[in-house]
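> Below are the structure tokens for one structure; questions will follow.
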Amino acid sequence: MPRASKKKQKKAEDFKKVKLKVGKKKAPASNATDTSFTARAIVVSAQSISADKRALLTNSRNHTLKELLAQLRHYSVVTRRDGIAGLEDFVKLHPAALRAELGPIVEASVRLIIDADAGVRRQLLRLYTVVLPELEPRELAPFVPLAVAFT
């Protein structure tokens, strides 16, 4: 019989109510999940807002040519249109940079000839009315096959 009493005693331990003491906090359950968390800030050192662009050529809104060309590939219509307007401003401010960076400018802008949005195409036409009179036909000759492919 002693064995039966030991089993009963073990079963009773599992279902025994824990008596709370005055002034003590309730002990957490044995299966409680810790839900505490800590948050940390992410520091991006090469963020464009904090970057020093004084040594680079920028437009009046402080965008570099690289940033403007990236905007021409953006999925948003407004961003593409702003990128073209920024590129027009950049070319007006730095006419010498037009010849130096003609390849990337033409390659990025010629893709917008077939853009679905009429506002983007209209803005591109304004850009070309500023850019094309500044260039000679022999400077544009290497880009004719690319322009023909998108027209």
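Going by the structure tokens order, chains are called A, B, ..., each with residues numbered from 1, while ligands are numbered from 1 in the order shown.
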So that I can check the surroundings of His74 (chain A), please list as a ChimeraX atom specification every protein, DNA and RNA residue that reaches within 9 Å of it, counting only C-alpha atoms and ignoring chain neighbours fewer than 5 positions away.

/A:79-80,83

> Rank nothing, just name the residue among A:Ala41, A:Ala70, A:Val110, A:Val78 nearest to Leu146 (chain A), using only C-alpha atoms.

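For Leu146 (chain A), the nearest of the given residues is A:Val110.
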
> Would you mind telling me which residue in A:Glu88, A:Asp115, A:Asp34, A:Glu13 lies nearest to Leu68 (chain A) when using only C-alpha atoms?

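With only C-alpha atoms as the atom set, the closest residue is A:Glu88.
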
> Would you please give, as number ranges by chain, all residues of chain A that DSSP assigns to helix (DSSP H, G or I) based on the backbone?

A: 2-14, 65-71, 77-93, 95-100, 102-114, 118-134, 137-149

> Those same residues, written as a compact mmCIF listing (two decimals), in the first residue's frame with C-alpha atoms?


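As a result, part_10.txt now contains:
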```txt
# COMPACT_ATOMS: atom_id res chain seq x y z
CA PRO A 2 2.81 2.45 0.50
CA ARG A 3 3.23 2.68 -3.28
CA ALA A 4 -0.32 3.87 -3.84
CA SER A 5 0.06 6.66 -1.31
CA LYS A 6 3.25 7.91 -3.02
CA LYS A 7 1.42 8.09 -6.38
CA LYS A 8 -1.47 9.97 -4.81
CA GLN A 9 0.99 12.35 -3.19
CA LYS A 10 2.71 13.07 -6.57
CA LYS A 11 -0.65 13.69 -8.27
CA ALA A 12 -1.67 16.00 -5.48
CA GLU A 13 1.53 18.06 -5.97
CA ASP A 14 0.59 18.85 -9.58
CA LEU A 65 23.07 63.40 -61.80
CA LYS A 66 23.19 59.84 -60.49
CA GLU A 67 20.10 60.44 -58.33
CA LEU A 68 18.23 62.09 -61.20
CA LEU A 69 18.98 59.19 -63.56
CA ALA A 70 17.74 56.77 -60.89
CA GLN A 71 14.49 58.74 -60.69
CA VAL A 77 4.88 58.62 -62.65
CA VAL A 78 5.36 61.72 -60.48
CA THR A 79 8.92 60.69 -59.58
CA ARG A 80 9.82 60.09 -63.24
CA ARG A 81 8.37 63.46 -64.21
CA ASP A 82 10.26 65.19 -61.38
CA GLY A 83 13.42 63.39 -62.46
CA ILE A 84 13.10 64.75 -65.99
CA ALA A 85 12.43 68.27 -64.67
CA GLY A 86 15.45 67.94 -62.38
CA LEU A 87 17.58 66.74 -65.28
CA GLU A 88 16.48 69.76 -67.32
CA ASP A 89 17.45 72.02 -64.43
CA PHE A 90 20.79 70.20 -64.08
CA VAL A 91 21.61 70.69 -67.77
CA LYS A 92 20.73 74.39 -67.58
CA LEU A 93 22.99 74.87 -64.55
CA PRO A 95 26.01 72.82 -69.68
CA ALA A 96 29.54 71.35 -69.73
CA ALA A 97 28.34 68.28 -67.83
CA LEU A 98 25.90 67.55 -70.67
CA ARG A 99 28.71 66.58 -73.05
CA ALA A 100 30.66 64.74 -70.36
CA LEU A 102 25.77 62.47 -72.55
CA GLY A 103 25.77 58.66 -72.73
CA PRO A 104 24.01 57.96 -69.41
CA ILE A 105 21.62 60.87 -69.93
CA VAL A 106 20.51 59.71 -73.38
CA GLU A 107 20.31 56.02 -72.38
CA ALA A 108 18.12 56.81 -69.37
CA SER A 109 15.90 59.39 -71.07
CA VAL A 110 15.31 57.66 -74.41
CA ARG A 111 13.45 54.85 -72.63
CA LEU A 112 10.83 57.37 -71.56
CA ILE A 113 9.81 58.14 -75.16
CA ILE A 114 7.38 55.22 -74.96
CA ALA A 118 1.46 61.64 -71.32
CA GLY A 119 2.82 64.02 -68.68
CA VAL A 120 6.14 62.18 -68.62
CA ARG A 121 6.39 62.30 -72.42
CA ARG A 122 5.52 66.02 -72.41
CA GLN A 123 8.21 66.72 -69.80
CA LEU A 124 10.70 64.67 -71.84
CA LEU A 125 9.90 66.82 -74.88
CA ARG A 126 10.70 69.93 -72.81
CA LEU A 127 14.01 68.35 -71.80
CA TYR A 128 14.90 67.56 -75.40
CA THR A 129 14.07 71.12 -76.50
CA VAL A 130 16.70 72.31 -74.01
CA VAL A 131 19.30 69.59 -74.65
CA LEU A 132 19.23 69.00 -78.41
CA PRO A 133 20.04 72.58 -79.55
CA GLU A 134 23.18 72.44 -77.39
CA PRO A 137 24.50 65.87 -84.79
CA ARG A 138 27.84 64.04 -84.69
CA GLU A 139 27.61 63.91 -80.87
CA LEU A 140 24.20 62.24 -81.07
CA ALA A 141 25.13 59.82 -83.89
CA PRO A 142 26.17 56.93 -81.57
CA PHE A 143 22.73 57.01 -79.91
CA VAL A 144 20.59 56.91 -83.07
CA PRO A 145 20.12 53.10 -83.02
CA LEU A 146 19.03 53.29 -79.39
CA ALA A 147 16.58 56.10 -80.12
CA VAL A 148 15.18 54.24 -83.12
CA ALA A 149 14.60 51.15 -80.99
```
